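Enquirer: File follows, coords08.pdb with PDB, C-alpha atoms (C1' of nucleotides):
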ATOM      1  CA  MET A   1      89.385 110.850   5.980
ATOM      2  CA  ASN A   2      87.500 113.479   7.845
ATOM      3  CA  GLY A   3      87.060 115.768   4.956
ATOM      4  CA  ASP A   4      88.540 118.498   7.070
ATOM      5  CA  ILE A   5      91.667 119.430   5.228
ATOM      6  CA  ARG A   6      93.023 121.288   8.199
ATOM      7  CA  ARG A   7      93.547 118.044  10.071
ATOM      8  CA  ASN A   8      96.153 116.991   7.571
ATOM      9  CA  MET A   9      97.889 120.271   7.096
ATOM     10  CA  ALA A  10     101.515 119.979   8.008
ATOM     11  CA  LEU A  11     101.885 122.865  10.365
ATOM     12  CA  PHE A  12     104.057 122.211  13.363
ATOM     13  CA  PRO A  13     107.800 121.781  13.634
ATOM     14  CA  ILE A  14     109.072 119.318  16.139
ATOM     15  CA  GLY A  15     109.677 121.875  18.838
ATOM     16  CA  ILE A  16     106.010 122.772  19.044
ATOM     17  CA  VAL A  17     105.008 119.131  19.005
ATOM     18  CA  MET A  18     107.367 118.430  21.874
ATOM     19  CA  LYS A  19     105.553 120.953  23.969
ATOM     20  CA  LEU A  20     102.111 119.849  22.845
ATOM     21  CA  THR A  21     102.688 116.193  23.593
ATOM     22  CA  ASP A  22     105.274 116.374  26.331
ATOM     23  CA  LEU A  23     107.427 113.986  24.345
ATOM     24  CA  THR A  24     111.105 114.619  23.758
ATOM     25  CA  ALA A  25     112.405 115.123  20.237
ATOM     26  CA  ARG A  26     114.336 111.946  20.831
ATOM     27  CA  GLN A  27     111.154 110.008  21.451
ATOM     28  CA  ILE A  28     109.312 111.497  18.511
ATOM     29  CA  ARG A  29     112.132 110.645  16.170
ATOM     30  CA  TYR A  30     112.337 107.224  17.771
ATOM     31  CA  TYR A  31     108.705 106.553  16.935
ATOM     32  CA  GLU A  32     109.246 107.735  13.406
ATOM     33  CA  GLN A  33     112.232 105.433  13.119
ATOM     34  CA  HIS A  34     109.975 102.568  14.097
ATOM     35  CA  GLU A  35     107.351 103.617  11.608
ATOM     36  CA  LEU A  36     104.666 104.574  14.059
ATOM     37  CA  ILE A  37     104.377 107.971  12.471
ATOM     38  CA  VAL A  38     105.406 109.596   9.217
ATOM     39  CA  PRO A  39     105.381 113.362   9.439
ATOM     40  CA  ALA A  40     105.646 115.460   6.346
ATOM     41  CA  ARG A  41     108.838 117.303   5.541
ATOM     42  CA  THR A  42     109.587 120.803   4.470
ATOM     43  CA  ASN A  43     111.605 121.382   1.340
ATOM     44  CA  GLY A  44     114.525 121.689   3.686
ATOM     45  CA  ASN A  45     113.790 118.238   5.155
ATOM     46  CA  GLN A  46     112.530 119.362   8.510
ATOM     47  CA  ARG A  47     109.610 117.528  10.023
ATOM     48  CA  LEU A  48     106.218 119.187   9.946
ATOM     49  CA  PHE A  49     103.376 117.652  11.897
ATOM     50  CA  SER A  50      99.669 117.921  11.279
ATOM     51  CA  PHE A  51      96.916 117.849  13.862
ATOM     52  CA  ASN A  52      96.391 114.226  12.957
ATOM     53  CA  ASP A  53     100.036 113.537  13.589
ATOM     54  CA  VAL A  54      99.840 115.166  16.978
ATOM     55  CA  GLU A  55      96.772 113.167  17.889
ATOM     56  CA  ARG A  56      98.461 110.011  16.776
ATOM     57  CA  LEU A  57     101.413 110.841  18.961
ATOM     58  CA  LEU A  58      99.069 111.316  21.888
ATOM     59  CA  GLU A  59      97.563 107.905  21.222
ATOM     60  CA  ILE A  60     101.008 106.386  21.025
ATOM     61  CA  LYS A  61     101.942 108.007  24.294
ATOM     62  CA  ASN A  62      98.786 106.611  25.774
ATOM     63  CA  LEU A  63      99.546 103.074  24.694
ATOM     64  CA  ILE A  64     103.143 103.295  25.802
ATOM     65  CA  GLU A  65     101.921 104.270  29.233
ATOM     66  CA  LYS A  66      99.752 101.182  29.231
ATOM     67  CA  GLY A  67     102.857  99.093  28.632
ATOM     68  CA  VAL A  68     102.166  98.265  25.005
ATOM     69  CA  ASN A  69     105.360  97.869  23.019
ATOM     70  CA  ILE A  70     106.069  99.104  19.519
ATOM     71  CA  ALA A  71     104.915  95.916  17.851
ATOM     72  CA  GLY A  72     101.688  96.099  19.793
ATOM     73  CA  ILE A  73     101.075  99.690  18.847
ATOM     74  CA  LYS A  74     101.431  98.728  15.219
ATOM     75  CA  GLN A  75      98.666  96.203  15.705
ATOM     76  CA  VAL A  76      96.404  98.571  17.570
ATOM     77  CA  LEU A  77      96.745 101.786  15.617
ATOM     78  CA  PRO A  78      95.633 101.816  12.020
ATOM     79  CA  SER A  79      98.689 101.531   9.831
ATOM     80  CA  VAL A  80     100.298 104.805   9.013
ATOM     81  CA  SER A  81      97.693 106.625   6.995
ATOM     82  CA  GLN A  82      98.583 107.433   3.451
ATOM     83  CA  SER A  83      97.052 110.765   4.331
ATOM     84  CA  SER A  84     100.316 111.477   6.106
ATOM     85  CA  GLU A  85     102.302 110.385   3.132
ATOM     86  CA  GLU A  86     100.392 112.642   0.835
ATOM     87  CA  ALA A  87     100.172 115.171   3.595
ATOM     88  CA  THR A  88      99.634 118.646   2.428
ATOM     89  CA  TYR A  89     102.700 120.671   3.047
ATOM     90  CA  MET A  90     101.262 124.089   2.677
ATOM     91  CA  ASN A  91     103.729 126.647   1.583
ATOM     92  CA  GLU A  92     103.062 130.134   0.472
ATOM     93  CA  GLN A  93     102.591 129.101  -3.123
ATOM     94  CA  SER A  94      99.834 126.576  -2.452
ATOM     95  CA  GLU A  95      96.289 127.216  -3.433
ATOM     96  CA  VAL A  96      95.110 127.421   0.140
ATOM     97  CA  ALA A  97      97.595 130.165   0.775
ATOM     98  CA  ARG A  98      95.727 132.377  -1.625
ATOM     99  CA  ARG A  99      92.752 132.528   0.703
ATOM    100  CA  GLU A 100      92.124 134.862   3.563
ATOM    101  CA  MET A 101      94.792 133.561   5.902
ATOM    102  CA  SER A 102      98.329 132.599   5.059
ATOM    103  CA  VAL A 103      99.840 129.435   6.469
ATOM    104  CA  LYS A 104     102.312 131.545   8.336
ATOM    105  CA  ASP A 105      99.491 133.412   9.997
ATOM    106  CA  LEU A 106      97.657 130.200  10.764
ATOM    107  CA  ARG A 107     100.680 128.692  12.405
ATOM    108  CA  ARG A 108     101.303 131.772  14.447
ATOM    109  CA  MET A 109      97.723 131.842  15.561
ATOM    110  CA  LEU A 110      97.670 128.181  16.531
ATOM    111  CA  LYS A 111     100.947 128.458  18.309
ATOM    112  CA  ARG A 112      99.490 131.168  20.458
ATOM    113  CA  GLN A 113      96.244 129.332  21.031
ATOM    114  CA  LEU A 114      97.853 126.038  21.832
ATOM    115  CA  LEU A 115     100.824 127.100  23.852
ATOM    116  CA  GLU A 116     100.689 130.541  25.275
ATOM    117  CA  LYS A 117      97.469 130.119  27.157
ATOM    118  CA  ARG A 118      98.949 127.490  29.432
ATOM    119  CA  PRO A 119     102.150 128.416  31.145
ATOM    120  CA  GLY A 120     104.172 125.570  32.579
ATOM    121  CA  GLN A 121     102.632 122.238  31.671
ATOM    122  CA  VAL A 122     100.951 122.388  28.340
ATOM    123  CA  THR A 123     100.540 118.702  27.769
ATOM    124  CA  LEU A 124      97.481 117.846  25.790
ATOM    125  CA  ASN A 125      95.415 114.752  26.229
ATOM    126  CA  GLN A 126      93.661 112.719  23.615
ATOM    127  CA  GLY A 127      90.712 114.619  22.313
ATOM    128  CA  ASP A 128      91.970 118.019  23.337
ATOM    129  CA  LEU A 129      92.528 118.945  19.740
ATOM    130  CA  SER A 130      88.998 118.166  18.737
ATOM    131  CA  ARG A 131      87.662 121.520  19.828
ATOM    132  CA  PHE A 132      89.517 123.094  16.940
ATOM    133  CA  PHE A 133      87.345 121.148  14.553
ATOM    134  CA  GLN A 134      83.859 121.417  15.929
TER     135      GLN A 134
ATOM    136  CA  MET B 135      78.638  83.913  20.559
ATOM    137  CA  ASN B 136      78.383  81.475  17.759
ATOM    138  CA  GLY B 137      75.433  79.585  19.027
ATOM    139  CA  ASP B 138      77.464  76.451  18.636
ATOM    140  CA  ILE B 139      77.696  75.127  22.130
ATOM    141  CA  ARG B 140      80.507  72.789  21.209
ATOM    142  CA  ARG B 141      82.875  75.721  20.830
ATOM    143  CA  ASN B 142      82.625  76.460  24.498
ATOM    144  CA  MET B 143      82.683  72.951  25.830
ATOM    145  CA  ALA B 144      85.595  72.472  28.155
ATOM    146  CA  LEU B 145      87.148  69.372  26.712
ATOM    147  CA  PHE B 146      90.923  69.367  26.661
ATOM    148  CA  PRO B 147      93.429  69.077  29.457
ATOM    149  CA  ILE B 148      96.588  71.064  29.158
ATOM    150  CA  GLY B 149      98.617  68.221  27.718
ATOM    151  CA  ILE B 150      96.435  68.016  24.631
ATOM    152  CA  VAL B 151      96.457  71.757  24.231
ATOM    153  CA  MET B 152     100.234  71.777  24.393
ATOM    154  CA  LYS B 153     100.363  69.467  21.440
ATOM    155  CA  LEU B 154      97.639  71.273  19.532
ATOM    156  CA  THR B 155      99.205  74.672  19.892
ATOM    157  CA  ASP B 156     102.851  73.788  20.248
ATOM    158  CA  LEU B 157     103.000  75.896  23.373
ATOM    159  CA  THR B 158     104.598  74.676  26.573
ATOM    160  CA  ALA B 159     102.523  74.260  29.697
ATOM    161  CA  ARG B 160     104.633  77.023  31.155
ATOM    162  CA  GLN B 161     103.573  79.386  28.446
ATOM    163  CA  ILE B 162      99.917  78.483  28.672
ATOM    164  CA  ARG B 163      99.873  78.978  32.423
ATOM    165  CA  TYR B 164     101.796  82.192  31.988
ATOM    166  CA  TYR B 165      99.136  83.540  29.679
ATOM    167  CA  GLU B 166      96.465  82.562  32.137
ATOM    168  CA  GLN B 167      98.385  84.280  34.913
ATOM    169  CA  HIS B 168      98.309  87.439  32.863
ATOM    170  CA  GLU B 169      94.624  87.080  32.139
ATOM    171  CA  LEU B 170      94.884  86.469  28.449
ATOM    172  CA  ILE B 171      92.843  83.312  28.831
ATOM    173  CA  VAL B 172      90.612  81.798  31.469
ATOM    174  CA  PRO B 173      90.139  78.083  30.975
ATOM    175  CA  ALA B 174      87.512  76.181  32.897
ATOM    176  CA  ARG B 175      88.498  73.861  35.709
ATOM    177  CA  THR B 176      87.527  70.364  36.638
ATOM    178  CA  ASN B 177      86.223  69.652  40.093
ATOM    179  CA  GLY B 178      89.775  68.668  40.884
ATOM    180  CA  ASN B 179      91.042  72.078  39.728
ATOM    181  CA  GLN B 180      92.703  70.957  36.555
ATOM    182  CA  ARG B 181      92.415  73.177  33.524
ATOM    183  CA  LEU B 182      90.055  72.194  30.759
ATOM    184  CA  PHE B 183      90.158  74.075  27.477
ATOM    185  CA  SER B 184      87.442  74.579  24.907
ATOM    186  CA  PHE B 185      87.870  74.930  21.171
ATOM    187  CA  ASN B 186      87.490  78.653  21.655
ATOM    188  CA  ASP B 187      90.257  78.613  24.204
ATOM    189  CA  VAL B 188      92.517  76.771  21.808
ATOM    190  CA  GLU B 189      91.787  79.235  19.049
ATOM    191  CA  ARG B 190      92.470  82.090  21.353
ATOM    192  CA  LEU B 191      95.778  80.536  22.271
ATOM    193  CA  LEU B 192      96.628  80.273  18.598
ATOM    194  CA  GLU B 193      95.870  83.951  18.169
ATOM    195  CA  ILE B 194      98.014  84.773  21.166
ATOM    196  CA  LYS B 195     100.823  82.709  19.756
ATOM    197  CA  ASN B 196     100.434  84.550  16.507
ATOM    198  CA  LEU B 197     100.761  87.941  18.152
ATOM    199  CA  ILE B 198     103.667  86.828  20.309
ATOM    200  CA  GLU B 199     105.485  85.801  17.164
ATOM    201  CA  LYS B 200     104.896  89.280  15.816
ATOM    202  CA  GLY B 201     106.610  90.665  18.881
ATOM    203  CA  VAL B 202     103.530  91.980  20.595
ATOM    204  CA  ASN B 203     103.832  91.894  24.366
ATOM    205  CA  ILE B 204     101.180  90.966  26.894
ATOM    206  CA  ALA B 205      99.894  94.499  27.282
ATOM    207  CA  GLY B 206      99.576  94.744  23.526
ATOM    208  CA  ILE B 207      97.705  91.486  23.232
ATOM    209  CA  LYS B 208      95.224  92.736  25.767
ATOM    210  CA  GLN B 209      94.590  95.714  23.535
ATOM    211  CA  VAL B 210      94.248  93.650  20.397
ATOM    212  CA  LEU B 211      92.240  90.649  21.516
ATOM    213  CA  PRO B 212      88.746  91.182  22.802
ATOM    214  CA  SER B 213      88.811  91.004  26.573
ATOM    215  CA  VAL B 214      88.362  87.545  27.950
ATOM    216  CA  SER B 215      84.891  86.481  26.938
ATOM    217  CA  GLN B 216      82.475  85.785  29.700
ATOM    218  CA  SER B 217      81.666  82.726  27.690
ATOM    219  CA  SER B 218      84.895  81.269  28.998
ATOM    220  CA  GLU B 219      84.041  82.235  32.513
ATOM    221  CA  GLU B 220      80.712  80.537  32.348
ATOM    222  CA  ALA B 221      82.245  77.846  30.249
ATOM    223  CA  THR B 222      80.375  74.652  30.235
ATOM    224  CA  TYR B 223      82.319  72.038  32.044
ATOM    225  CA  MET B 224      80.539  68.998  30.798
ATOM    226  CA  ASN B 225      80.653  66.130  33.170
ATOM    227  CA  GLU B 226      78.708  62.937  32.957
ATOM    228  CA  GLN B 227      75.788  64.411  34.866
ATOM    229  CA  SER B 228      75.231  67.329  32.503
ATOM    230  CA  GLU B 229      72.250  67.467  30.206
ATOM    231  CA  VAL B 230      74.330  67.152  27.100
ATOM    232  CA  ALA B 231      75.762  63.942  28.410
ATOM    233  CA  ARG B 232      72.341  62.375  28.170
ATOM    234  CA  ARG B 233      72.462  62.551  24.401
ATOM    235  CA  GLU B 234      73.929  60.102  21.960
ATOM    236  CA  MET B 235      77.570  60.674  22.773
ATOM    237  CA  SER B 236      79.142  61.044  26.176
ATOM    238  CA  VAL B 237      81.731  63.705  26.820
ATOM    239  CA  LYS B 238      84.244  60.997  27.430
ATOM    240  CA  ASP B 239      83.553  59.551  24.017
ATOM    241  CA  LEU B 240      83.666  62.974  22.410
ATOM    242  CA  ARG B 241      87.023  63.740  23.929
ATOM    243  CA  ARG B 242      88.411  60.402  22.873
ATOM    244  CA  MET B 243      87.174  60.947  19.366
ATOM    245  CA  LEU B 244      88.570  64.446  19.086
ATOM    246  CA  LYS B 245      91.856  63.406  20.558
ATOM    247  CA  ARG B 246      92.184  60.825  17.851
ATOM    248  CA  GLN B 247      91.079  63.194  15.116
ATOM    249  CA  LEU B 248      93.260  66.053  16.237
ATOM    250  CA  LEU B 249      96.407  64.278  17.213
ATOM    251  CA  GLU B 250      96.819  60.809  15.871
ATOM    252  CA  LYS B 251      96.448  61.716  12.243
ATOM    253  CA  ARG B 252      99.589  63.801  12.242
ATOM    254  CA  PRO B 253     102.676  62.173  13.607
ATOM    255  CA  GLY B 254     105.496  64.484  14.568
ATOM    256  CA  GLN B 255     104.485  68.087  14.222
ATOM    257  CA  VAL B 256     100.832  68.535  14.927
ATOM    258  CA  THR B 257     100.830  72.259  15.371
ATOM    259  CA  LEU B 258      97.622  73.878  14.297
ATOM    260  CA  ASN B 259      97.325  77.255  12.728
ATOM    261  CA  GLN B 260      94.612  79.805  13.137
ATOM    262  CA  GLY B 261      91.504  78.630  11.451
ATOM    263  CA  ASP B 262      92.432  74.974  11.447
ATOM    264  CA  LEU B 263      89.755  74.243  13.978
ATOM    265  CA  SER B 264      87.036  75.768  11.903
ATOM    266  CA  ARG B 265      86.501  72.641   9.856
ATOM    267  CA  PHE B 266      85.043  70.996  12.904
ATOM    268  CA  PHE B 267      82.236  73.502  12.862
ATOM    269  CA  GLN B 268      81.183  73.794   9.267
TER     270      GLN B 268
ATOM    271  C1'  DA C 269     100.200  52.224  39.545
ATOM    272  C1'  DC C 270     101.481  55.322  36.170
ATOM    273  C1'  DT C 271     100.838  59.435  33.932
ATOM    274  C1'  DT C 272      99.389  63.947  33.926
ATOM    275  C1'  DC C 273      98.643  68.268  36.106
ATOM    276  C1'  DA C 274      98.908  72.181  39.788
ATOM    277  C1'  DT C 275     101.519  75.735  42.218
ATOM    278  C1'  DG C 276     105.505  77.947  43.397
ATOM    279  C1'  DT C 277     110.139  79.469  42.967
ATOM    280  C1'  DC C 278     114.934  80.400  41.275
ATOM    281  C1'  DA C 279     117.345  81.774  37.546
ATOM    282  C1'  DA C 280     118.617  83.815  33.668
ATOM    283  C1'  DG C 281     119.097  85.413  29.019
ATOM    284  C1'  DA C 282     117.551  88.513  25.811
ATOM    285  C1'  DA C 283     115.525  92.250  23.994
ATOM    286  C1'  DA C 284     113.235  96.423  24.280
ATOM    287  C1'  DG C 285     112.479 100.778  25.687
ATOM    288  C1'  DG C 286     114.030 105.010  26.695
ATOM    289  C1'  DT C 287     117.463 108.565  27.425
ATOM    290  C1'  DG C 288     121.444 111.427  27.640
ATOM    291  C1'  DA C 289     124.991 113.463  25.596
ATOM    292  C1'  DC C 290     127.710 114.928  21.772
ATOM    293  C1'  DA C 291     129.143 116.495  17.308
ATOM    294  C1'  DT C 292     128.330 118.553  12.900
ATOM    295  C1'  DC C 293     125.775 120.739   9.566
ATOM    296  C1'  DA C 294     121.560 122.773   7.501
ATOM    297  C1'  DA C 295     117.259 125.417   7.836
ATOM    298  C1'  DA C 296     114.319 128.790   9.633
ATOM    299  C1'  DT C 297     113.244 132.880  11.994
ATOM    300  C1'  DT C 298     113.553 137.657  13.189
TER     301       DT C 298
ATOM    302  C1'  DA D 299     123.459 138.474   9.439
ATOM    303  C1'  DA D 300     122.881 136.434  13.732
ATOM    304  C1'  DT D 301     120.434 133.366  16.641
ATOM    305  C1'  DT D 302     117.582 129.623  17.285
ATOM    306  C1'  DT D 303     115.864 125.447  15.915
ATOM    307  C1'  DG D 304     116.131 121.118  13.674
ATOM    308  C1'  DA D 305     118.437 116.844  11.245
ATOM    309  C1'  DT D 306     121.342 112.727  11.485
ATOM    310  C1'  DG D 307     124.201 109.753  13.602
ATOM    311  C1'  DT D 308     126.470 107.399  17.257
ATOM    312  C1'  DC D 309     128.006 105.519  21.731
ATOM    313  C1'  DA D 310     126.632 104.325  25.852
ATOM    314  C1'  DC D 311     123.872 102.976  29.315
ATOM    315  C1'  DC D 312     120.374 101.673  32.384
ATOM    316  C1'  DT D 313     116.372  99.745  33.594
ATOM    317  C1'  DT D 314     112.617  96.912  32.974
ATOM    318  C1'  DT D 315     109.962  93.426  31.373
ATOM    319  C1'  DC D 316     109.351  89.299  29.018
ATOM    320  C1'  DT D 317     109.525  84.918  28.617
ATOM    321  C1'  DT D 318     111.136  80.642  29.335
ATOM    322  C1'  DG D 319     113.569  76.614  31.417
ATOM    323  C1'  DA D 320     114.117  73.790  35.203
ATOM    324  C1'  DC D 321     112.917  71.812  39.650
ATOM    325  C1'  DA D 322     110.355  70.328  43.617
ATOM    326  C1'  DT D 323     106.298  68.630  45.818
ATOM    327  C1'  DG D 324     101.772  67.079  46.077
ATOM    328  C1'  DA D 325      97.261  66.069  44.054
ATOM    329  C1'  DA D 326      94.183  64.336  40.229
ATOM    330  C1'  DG D 327      92.964  61.428  36.483
ATOM    331  C1'  DT D 328      92.640  56.972  34.013
TER     332       DT D 328
END
Would it be possible to restate this file's structure as C-alpha cells?

Expert:
Amino acid sequence: MNGDIRRNMALFPIGIVMKLTDLTARQIRYYEQHELIVPARTNGNQRLFSFNDVERLLEIKNLIEKGVNIAGIKQVLPSVSQSSEEATYMNEQSEVARREMSVKDLRRMLKRQLLEKRPGQVTLNQGDLSRFFQ
Amino acid sequence: MNGDIRRNMALFPIGIVMKLTDLTARQIRYYEQHELIVPARTNGNQRLFSFNDVERLLEIKNLIEKGVNIAGIKQVLPSVSQSSEEATYMNEQSEVARREMSVKDLRRMLKRQLLEKRPGQVTLNQGDLSRFFQ
DNA sequence: ACTTCATGTCAAGAAAGGTGACATCAAATT
DNA sequence: AATTTGATGTCACCTTTCTTGACATGAAGT
C-alpha cells in the first residue's frame, strides 16, 4: 500500500509485540480469533507481526479504550488487508536477505531500538512507529 | 447538505417513525439519549423527525443488527449533523408554509404515502426514502 | 375526549469483553 | 543440548454494558 516493503515485513514474534503494545498474548490471540488481525506465520507456525500489524493493534487498542466492541472495530478499520495475508515472511533464503543486512540483524537492531531504550513502560502510541519510515 | 430542504424538515412524530423504522419508542429515545440522533422538538417539546433523521435511524438499526454497539456507531456514522440541530421545525407561520402546500397537508400526504400503502409490515430499508427525492 | 408523547425508573436477561490459570507440545534461541 | 518462548485448547469467571420491556404520571396534540 505504502510502497515501503519494510512495513509489511513479518518481523516480530508475539513476545515483542506484547511489550510494544502493552497487550497480553491472550488479547492479541483473542483479536486474531475474531479476525481483527491476521499475522503471518513462520514455517513452524509461530506468529510474526509486521510494523503494519503492530500499528493495527495500536488502533484496535485505541478503539477498545473508546468502548467500541469487536463488531464496531470491524466496521471502522479497513478489513484485514490482503497485504497481511500475502505478508512477506522474510527468511534467510529470501531475496531481501541477500542484501546488506540480514533479517536476523534487522530484527535484532529493531528490538534494541524499540525496546531497550525505554526501561519499564515501553508502550507505544499510534504514530510512534512512523519515525522509522520517514 | 443536499440542498433539498425537505430532507431536513421536521415532520414526523415518534409514532410514525416507530412504524417507519420498526423501532420501539424506547429504542429511539435511547439512541437520542446516547446522542446518536437529535430530533427537533415542537413548541410543546415533542420530538419531530425529518427524513434525514429517519434515514439515520435506519442506518443505526442496520449497525445494531450487525452487532455494533453505541460507541462503535459513533465512530462509524458522521457525528450528529448540525443540520439536525438547526433543523427546520416548520409551523404554520414559517415561510415555507406560505407556499402551495401547508405543512399539515404535507404531513398528511406523506403519512398516507408512507404507511397506508403497506398493511402489516411497513418497515423501510436504507434507501427506501430516496425515491421521494429523485 | 381520546390518542399520542414525554420523562423517569425498576428490572432483568443476555452477551460481550477480558482475564487467569493450566496443561501439553513444538519452535526458536543461544 | 538446554532454556526460553510460543501455540492451542479449555474451564472458569467476573464484570460491564447493552438493550429492552414494563409501568407510572402528566402534558400535548388533534

Enquirer: Report as a JSON list (two decimals) with C-alpha atoms, in the frame of the given file the full result of the PyMOL selection byres ((chain A) within 8 of (chain C)) when it is applied to this structure.

Expert:
[["chain", "number", "residue", "atom", "x", "y", "z"],
["A", 27, "GLN", "CA", 111.15, 110.01, 21.45],
["A", 44, "GLY", "CA", 114.52, 121.69, 3.69],
["A", 46, "GLN", "CA", 112.53, 119.36, 8.51]]

Enquirer: Box for region 37-46 of chain A - axis-aligned, 6 Å on each of the six sides, all listed atoms - centre and size in Å to one decimal, as lines of an AutoDock Vina configuration file.

Expert:
center_x = 109.5
center_y = 114.8
center_z = 6.9
size_x = 22.1
size_y = 25.7
size_z = 23.1

Enquirer: Just give me the gap between CA of Gln209 (chain B) and CA of Val76 (chain A) in Å, one decimal is fine.

Expert: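 So the answer is 6.9 Å.
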
Enquirer: Running the PyMOL selection byres ((chain A) within 10 of (chain B)) on this model by hand, what would come out? Give it as a list of chain:residue names.

Expert: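 On this input, the PyMOL selection byres ((chain A) within 10 of (chain B)) captures A:Leu63, A:Ile64, A:Lys66, A:Gly67, A:Val68, A:Asn69, A:Ile70, A:Ala71, A:Gly72, A:Ile73, A:Lys74, A:Gln75, A:Val76, A:Leu77.
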
Enquirer: Can you spit out the residues from that selection as a PDB file, in the frame of the given file, using C-alpha atoms?

Expert:
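And here is the file that came out, out-v8.pdb:
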ATOM      1  CA  LEU A  63      99.546 103.074  24.694  1.00  0.00           C
ATOM      2  CA  ILE A  64     103.143 103.295  25.802  1.00  0.00           C
ATOM      3  CA  LYS A  66      99.752 101.182  29.231  1.00  0.00           C
ATOM      4  CA  GLY A  67     102.857  99.093  28.632  1.00  0.00           C
ATOM      5  CA  VAL A  68     102.166  98.265  25.005  1.00  0.00           C
ATOM      6  CA  ASN A  69     105.360  97.869  23.019  1.00  0.00           C
ATOM      7  CA  ILE A  70     106.069  99.104  19.519  1.00  0.00           C
ATOM      8  CA  ALA A  71     104.915  95.916  17.851  1.00  0.00           C
ATOM      9  CA  GLY A  72     101.688  96.099  19.793  1.00  0.00           C
ATOM     10  CA  ILE A  73     101.075  99.690  18.847  1.00  0.00           C
ATOM     11  CA  LYS A  74     101.431  98.728  15.219  1.00  0.00           C
ATOM     12  CA  GLN A  75      98.666  96.203  15.705  1.00  0.00           C
ATOM     13  CA  VAL A  76      96.404  98.571  17.570  1.00  0.00           C
ATOM     14  CA  LEU A  77      96.745 101.786  15.617  1.00  0.00           C
TER      15      LEU A  77
END

Enquirer: Pick out the chain D residues within 8 Å of chain B. Count all atoms listed in the file. Give them as a list of chain:residue names.

Expert: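 That gives D:DC316, D:DT318, D:DA326 for chain D.
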
Enquirer: Pick from B:Leu182, B:Leu154, B:Ala174, B:Ile162: nearest to DT317 (chain D), with all atoms listed in the file counted?

Expert: B:Ile162

Enquirer: What does the structure give for the distance between C1' of DA325 (chain D) and CA of Pro147 (chain B), in Å to one decimal?

Expert: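 The value is 15.4 Å.
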
Enquirer: So what does the PyMOL selection byres ((chain A and resi 51) around 8) actually pick up in this one, as a list in words?

Expert: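 Residues picked by the PyMOL selection byres ((chain A and resi 51) around 8): Arg6, Arg7, Asn8, Met9, Ala10, Leu11, Phe49, Ser50, Asn52, Asp53, Val54, Glu55 and Leu129 of chain A.
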
Enquirer: For DT306 (chain D), which of A:Leu57, A:Arg29, A:Pro78, A:Leu36 is the closest residue, counting only C-alpha atoms (C1' of nucleotides)?

Expert: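 Nearest to DT306 (chain D): A:Arg29.
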
Enquirer: State, in Å with one decimal place, the distance from CA of Ile150 (chain B) to CA of Ile171 (chain B).

Expert: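 Pair CA of Ile150 (chain B) / CA of Ile171 (chain B) returns 16.3 Å.
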